[in-house]
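To start, the structure itself, in C-alpha cells.
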Amino acid sequence: MSNLAAEFRKEIFAPHARPRSVFTTHNNYSQMDEPSYQAWRDLENMEPAAIATPHGTMSLRLHSRIRVDMTLDRSVRVINFKNNIVLALNGNGSASALLHPNGRIHQYGSRVEIMAHDVNGNNKLAKMWYKGVSFSSEQCALVYLVDSAGTRTTTDNFSNMNCDFSLPIFYNDCRYGPMHVQEAVETLKSAQYWSTDDGVENWIINNIRISQTTDGLVRIARNSNKYQLRTSPSNGTASLTTPFLHCTASMGDTSHLFVRRGERRMHYDGNIFIVRNAGHSAGFDEKNQLKVY
C-alpha cells in the first residue's frame, strides 16, 4: 500500500480522528470501465483503501478482490472479481441487479426478469410481473404463464440480459461527473472505520454500512437494513434483499439461483427449473421438458 493510501486510511477511517487533506483521486478510474483481471489479482493482498474517482463517485477497495462503488445519492455496486459476481442497487431502491455465473436477475419497480444459465446453452428465462410468472427457455418456442388459475401458454417477451445492466442501475438518476469530485472527497472525509476483535472491518460511508470478515465475506446495509447486499469470494455466494425481492445464488455443491418476490418464486439448481405462483408450480425438468406440479 502506498504511503498516501496508508495515511488516508489512518486519518479518514480512524474513529473520531480529525481528517486532514491527504485525499487524492485515483488515476485508474479515468474511464468508466473495470480494472483488468490481472490488476485485481495483483491487488488481492493489498490493504483496503477508499478513493474518490474522477467521475465523482466513491470506491472502496477491499481484500480478496472485492470493490464497493457508491454515488453521492447512495446507489451501490459491488464487484466480486474473484467469482465474477456483481450486485447493484440504485439510489432510491427501486431497481437492483444480481449478475452471477449461475444467472442474472434484474428487478425494476414491480417486475423481476431472470435468466438462469444452462451449461448446455439452453438458458431458462422468467419474468415476475402483475399477471404472474412467465417462463420459457432459449430453445423453447412456447412461453408459459403461471397465474392464479394454473399454468397455460401465453405470448410474452423477455429482455436481453446479456449486457451489463448493473451500470445503468448504478448511475441512473444519480449525481456523478467531475463537478462532484470534491463532494465525494468531503463525503469520504466524514466516513467512519473500526475493526472488531475477531478481525471484522467496518465502514460507514454516506450512511451506507459495509463490513468484511477475514475470509472475505462482504455485507452492505442501507436504510436501516431494508436493503442488504452480500457476497463471499471464498464460496461464490451472493444475496440481495430489498422490499421488492430476495434473491440468492451460490456455486459448488449447493449451486443454485433463487428469487422470491411476494408469493412468486423461482428456483434453479442447474438441472431443474421451477417457478411458483399462487399455489401453482411449473417448470422444466432435467431433460428440458415442461413439467406442471
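Chains: A, B, ... in order of the C-alpha cells. Residues: from 1 per chain. Ligands: from 1, in order shown.
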### Surrounding residues of range 205-213 of chain A excluding itself and chain neighbours under 6 positions, 8 Å, only C-alpha atoms, as a count of residues only
14
### Selection: 9 Å around Met266 in chain A, only C-alpha atoms, excl. self and same-chain fewer than 3 positions, as a ChimeraX atom specification
/A:114,126,133,257-260,273-276
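By chain and then residue number, the residues within 10 Å of Leu145 in chain A are Ala126, Lys127, Met128, Lys131, Gly132, Val133, Ser134, Phe135, Ser136, Thr151, Arg152, Thr153, Thr154, Thr155, Asp156, Val275, Asn277 and Ala282 of chain A, counting only C-alpha atoms and disregarding those fewer than 6 positions away in sequence.
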Please produce a file of those selected residues containing all heavy atoms, as a CSV table (one decimal), in the first residue's frame.
chain,number,residue,atom,x,y,z
A,126,ALA,N,-37.4,-16.2,-17.2
A,126,ALA,CA,-38.6,-16.0,-16.4
A,126,ALA,C,-38.8,-14.5,-16.1
A,126,ALA,O,-37.9,-13.7,-16.1
A,126,ALA,CB,-38.5,-16.7,-15.0
A,127,LYS,N,-40.1,-14.1,-15.9
A,127,LYS,CA,-40.4,-12.8,-15.6
A,127,LYS,C,-41.6,-12.8,-14.5
A,127,LYS,O,-42.6,-13.4,-14.8
A,127,LYS,CB,-40.9,-12.0,-16.8
A,127,LYS,CG,-41.3,-10.6,-16.5
A,127,LYS,CD,-41.4,-9.7,-17.8
A,127,LYS,CE,-42.5,-10.2,-18.7
A,127,LYS,NZ,-42.6,-9.3,-19.9
A,128,MET,N,-41.3,-12.1,-13.4
A,128,MET,CA,-42.4,-11.9,-12.4
A,128,MET,C,-43.0,-10.6,-12.6
A,128,MET,O,-42.3,-9.6,-12.6
A,128,MET,CB,-41.7,-12.0,-11.0
A,128,MET,CG,-41.1,-13.4,-10.7
A,128,MET,SD,-40.3,-13.4,-9.1
A,128,MET,CE,-39.7,-15.1,-9.0
A,131,LYS,N,-49.2,-10.2,-13.9
A,131,LYS,CA,-50.0,-11.3,-14.4
A,131,LYS,C,-49.6,-12.6,-13.7
A,131,LYS,O,-50.4,-13.5,-13.7
A,131,LYS,CB,-49.9,-11.4,-15.9
A,131,LYS,CG,-50.6,-10.3,-16.7
A,131,LYS,CD,-50.5,-10.7,-18.2
A,131,LYS,CE,-51.3,-9.6,-19.0
A,131,LYS,NZ,-51.3,-10.0,-20.5
A,132,GLY,N,-48.5,-12.7,-13.2
A,132,GLY,CA,-48.0,-13.9,-12.5
A,132,GLY,C,-46.5,-14.1,-12.8
A,132,GLY,O,-45.7,-13.2,-12.7
A,133,VAL,N,-46.1,-15.3,-13.2
A,133,VAL,CA,-44.8,-15.6,-13.6
A,133,VAL,C,-44.7,-16.2,-15.0
A,133,VAL,O,-45.3,-17.3,-15.2
A,133,VAL,CB,-44.1,-16.6,-12.6
A,133,VAL,CG1,-42.6,-16.8,-13.0
A,133,VAL,CG2,-44.2,-16.1,-11.2
A,134,SER,N,-44.1,-15.6,-16.0
A,134,SER,CA,-43.9,-16.1,-17.3
A,134,SER,C,-42.6,-16.8,-17.3
A,134,SER,O,-41.6,-16.4,-16.7
A,134,SER,CB,-44.0,-15.0,-18.3
A,134,SER,OG,-45.2,-14.3,-18.3
A,135,PHE,N,-42.5,-17.9,-18.1
A,135,PHE,CA,-41.2,-18.6,-18.2
A,135,PHE,C,-41.1,-19.3,-19.6
A,135,PHE,O,-42.1,-19.6,-20.2
A,135,PHE,CB,-41.0,-19.5,-17.1
A,135,PHE,CG,-41.8,-20.8,-17.1
A,135,PHE,CD1,-41.3,-22.0,-17.6
A,135,PHE,CD2,-43.1,-20.8,-16.6
A,135,PHE,CE1,-42.1,-23.1,-17.7
A,135,PHE,CE2,-43.9,-22.0,-16.6
A,135,PHE,CZ,-43.3,-23.1,-17.1
A,136,SER,N,-39.9,-19.5,-20.0
A,136,SER,CA,-39.6,-20.2,-21.2
A,136,SER,C,-38.1,-20.6,-21.2
A,136,SER,O,-37.4,-20.5,-20.1
A,136,SER,CB,-39.9,-19.3,-22.4
A,136,SER,OG,-39.7,-20.1,-23.6
A,151,THR,N,-51.3,-23.2,-14.9
A,151,THR,CA,-50.3,-23.0,-15.9
A,151,THR,C,-50.9,-23.1,-17.3
A,151,THR,O,-51.7,-24.0,-17.6
A,151,THR,CB,-49.2,-24.1,-15.8
A,151,THR,OG1,-48.7,-24.0,-14.5
A,151,THR,CG2,-48.1,-23.8,-16.8
A,152,ARG,N,-50.5,-22.1,-18.2
A,152,ARG,CA,-51.1,-22.1,-19.6
A,152,ARG,C,-50.0,-21.4,-20.5
A,152,ARG,O,-49.1,-20.8,-20.0
A,152,ARG,CB,-52.4,-21.4,-19.6
A,152,ARG,CG,-52.3,-19.9,-19.1
A,152,ARG,CD,-53.7,-19.3,-19.1
A,152,ARG,NE,-53.7,-18.0,-18.5
A,152,ARG,CZ,-53.4,-16.8,-19.1
A,152,ARG,NH1,-53.1,-16.8,-20.3
A,152,ARG,NH2,-53.5,-15.7,-18.4
A,153,THR,N,-50.2,-21.6,-21.8
A,153,THR,CA,-49.3,-20.9,-22.7
A,153,THR,C,-49.8,-19.5,-22.9
A,153,THR,O,-51.0,-19.2,-22.6
A,153,THR,CB,-49.4,-21.6,-24.1
A,153,THR,OG1,-50.7,-21.6,-24.6
A,153,THR,CG2,-48.8,-23.0,-24.0
A,154,THR,N,-48.9,-18.6,-23.2
A,154,THR,CA,-49.2,-17.2,-23.4
A,154,THR,C,-48.3,-16.6,-24.4
A,154,THR,O,-47.4,-17.3,-25.0
A,154,THR,CB,-49.1,-16.5,-22.0
A,154,THR,OG1,-49.5,-15.1,-22.1
A,154,THR,CG2,-47.6,-16.5,-21.6
A,155,THR,N,-48.4,-15.3,-24.7
A,155,THR,CA,-47.5,-14.6,-25.5
A,155,THR,C,-46.8,-13.6,-24.6
A,155,THR,O,-47.5,-12.8,-23.9
A,155,THR,CB,-48.2,-13.9,-26.7
A,155,THR,OG1,-49.2,-13.0,-26.1
A,155,THR,CG2,-48.8,-14.9,-27.6
A,156,ASP,N,-45.5,-13.6,-24.6
A,156,ASP,CA,-44.7,-12.6,-23.8
A,156,ASP,C,-43.3,-12.5,-24.4
A,156,ASP,O,-42.9,-13.4,-25.1
A,156,ASP,CB,-44.7,-13.1,-22.4
A,156,ASP,CG,-44.4,-12.0,-21.4
A,156,ASP,OD1,-44.2,-10.8,-21.8
A,156,ASP,OD2,-44.3,-12.3,-20.2
A,275,VAL,N,-40.8,-22.5,-11.3
A,275,VAL,CA,-41.4,-21.2,-10.8
A,275,VAL,C,-42.7,-21.6,-10.1
A,275,VAL,O,-43.4,-22.5,-10.4
A,275,VAL,CB,-41.7,-20.3,-12.0
A,275,VAL,CG1,-40.4,-20.0,-12.8
A,275,VAL,CG2,-42.7,-20.9,-13.0
A,277,ASN,N,-46.3,-19.7,-8.2
A,277,ASN,CA,-47.2,-18.6,-8.0
A,277,ASN,C,-48.5,-19.0,-7.6
A,277,ASN,O,-49.1,-19.9,-8.1
A,277,ASN,CB,-47.3,-17.8,-9.3
A,277,ASN,CG,-48.1,-16.5,-9.2
A,277,ASN,OD1,-48.0,-15.8,-8.2
A,277,ASN,ND2,-49.0,-16.3,-10.2
A,282,ALA,N,-44.7,-24.9,-11.9
A,282,ALA,CA,-44.4,-25.5,-13.2
A,282,ALA,C,-42.9,-25.1,-13.5
A,282,ALA,O,-42.3,-24.3,-12.9
A,282,ALA,CB,-45.3,-25.0,-14.3
### Query
At what distance in Å, to one decimal, does CA of Asn225 in chain A lie from CA of Gln107 in chain A?
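Taking CA of Gln107 in chain A and CA of Asn225 in chain A, their separation equals 18.4 Å.
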### Query
What is the distance between CA of Asp69 in chain A and CA of Gly91 in chain A, in Å to one decimal?
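For CA of Asp69 in chain A relative to CA of Gly91 in chain A, the distance reads 12.2 Å.
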### Query
What's the 10 Å shell around Asp164 in chain A, counting only C-alpha atoms, without same-chain residues fewer than 5 positions away, as a list in words?
Val86, Ala97, Leu99, Arg104 and Ile169 of chain A
Keeping only C-alpha atoms, write the selected residues as an mmCIF file, in the first residue's frame.
data_model
loop_
_atom_site.group_PDB
_atom_site.id
_atom_site.type_symbol
_atom_site.label_atom_id
_atom_site.label_comp_id
_atom_site.auth_asym_id
_atom_site.auth_seq_id
_atom_site.Cartn_x
_atom_site.Cartn_y
_atom_site.Cartn_z
ATOM 1 C CA VAL A 86 -21.868 -8.125 -9.468
ATOM 2 C CA ALA A 97 -29.406 -6.419 -10.114
ATOM 3 C CA LEU A 99 -25.085 -10.971 -12.021
ATOM 4 C CA ARG A 104 -28.816 -12.873 -13.922
ATOM 5 C CA ILE A 169 -28.823 0.915 -12.383
#
### Task
Between A:Asn80, A:Thr254, A:Gln139, A:Ser75, single out the one closest to Asn172 in chain A, counting only C-alpha atoms.
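That would be A:Ser75, the residue with the smallest distance to Asn172 in chain A.
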### Task
Give me, please, the distance in Å between CA of Asp269 in chain A and CA of Pro233 in chain A, quoted to one decimal.
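According to the coordinates, CA of Asp269 in chain A and CA of Pro233 in chain A are separated by 19.9 Å.
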### DSSP-assigned strand (DSSP E or B) members of range 151-273 of chain A, reported as an MDAnalysis selection string
chainID A and resid 151:154 192:195 201:205 208:212 218:222 227:232 237:241 246:250 256:261 264:268 273
### Query
For Lys189 in chain A, which residue out of A:Ser94, A:Val112, A:Leu125, A:Ile51 is the nearest one, using only C-alpha atoms?
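Closest to Lys189 in chain A, using only C-alpha atoms: A:Ile51.
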### Task
Just the alpha helix (DSSP H) stuff from range 40-289 of chain A, please, per backbone DSSP, written as JSON, numbers by chain.
{"A": [40, 41, 42, 166, 167, 168, 169, 170, 171, 181, 182, 183, 184, 185, 186, 187, 188, 189]}
Restricting it to C-alpha atoms, dump the selection as a CSV table (one decimal), in the first residue's frame.
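The resulting part-v2.csv:
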chain,number,residue,atom,x,y,z
A,40,TRP,CA,-7.0,-7.2,-9.3
A,41,ARG,CA,-5.1,-10.5,-8.9
A,42,ASP,CA,-2.0,-8.4,-8.1
A,166,SER,CA,-25.8,-3.1,-13.4
A,167,LEU,CA,-24.1,0.0,-14.6
A,168,PRO,CA,-27.3,1.9,-15.7
A,169,ILE,CA,-28.8,0.9,-12.4
A,170,PHE,CA,-25.8,2.3,-10.6
A,171,TYR,CA,-25.7,5.6,-12.5
A,181,VAL,CA,-15.4,15.0,-7.2
A,182,GLN,CA,-14.9,17.5,-4.3
A,183,GLU,CA,-18.2,16.5,-2.7
A,184,ALA,CA,-17.2,12.8,-2.9
A,185,VAL,CA,-13.9,13.7,-1.2
A,186,GLU,CA,-15.7,15.5,1.6
A,187,THR,CA,-18.1,12.6,2.0
A,188,LEU,CA,-15.2,10.2,2.4
A,189,LYS,CA,-13.6,12.5,5.0
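Distances from A:Leu89, A:Gly177, A:Ala49, A:Asn202 to Leu240 in chain A were compared using only C-alpha atoms, and the smallest one belongs to A:Leu89.
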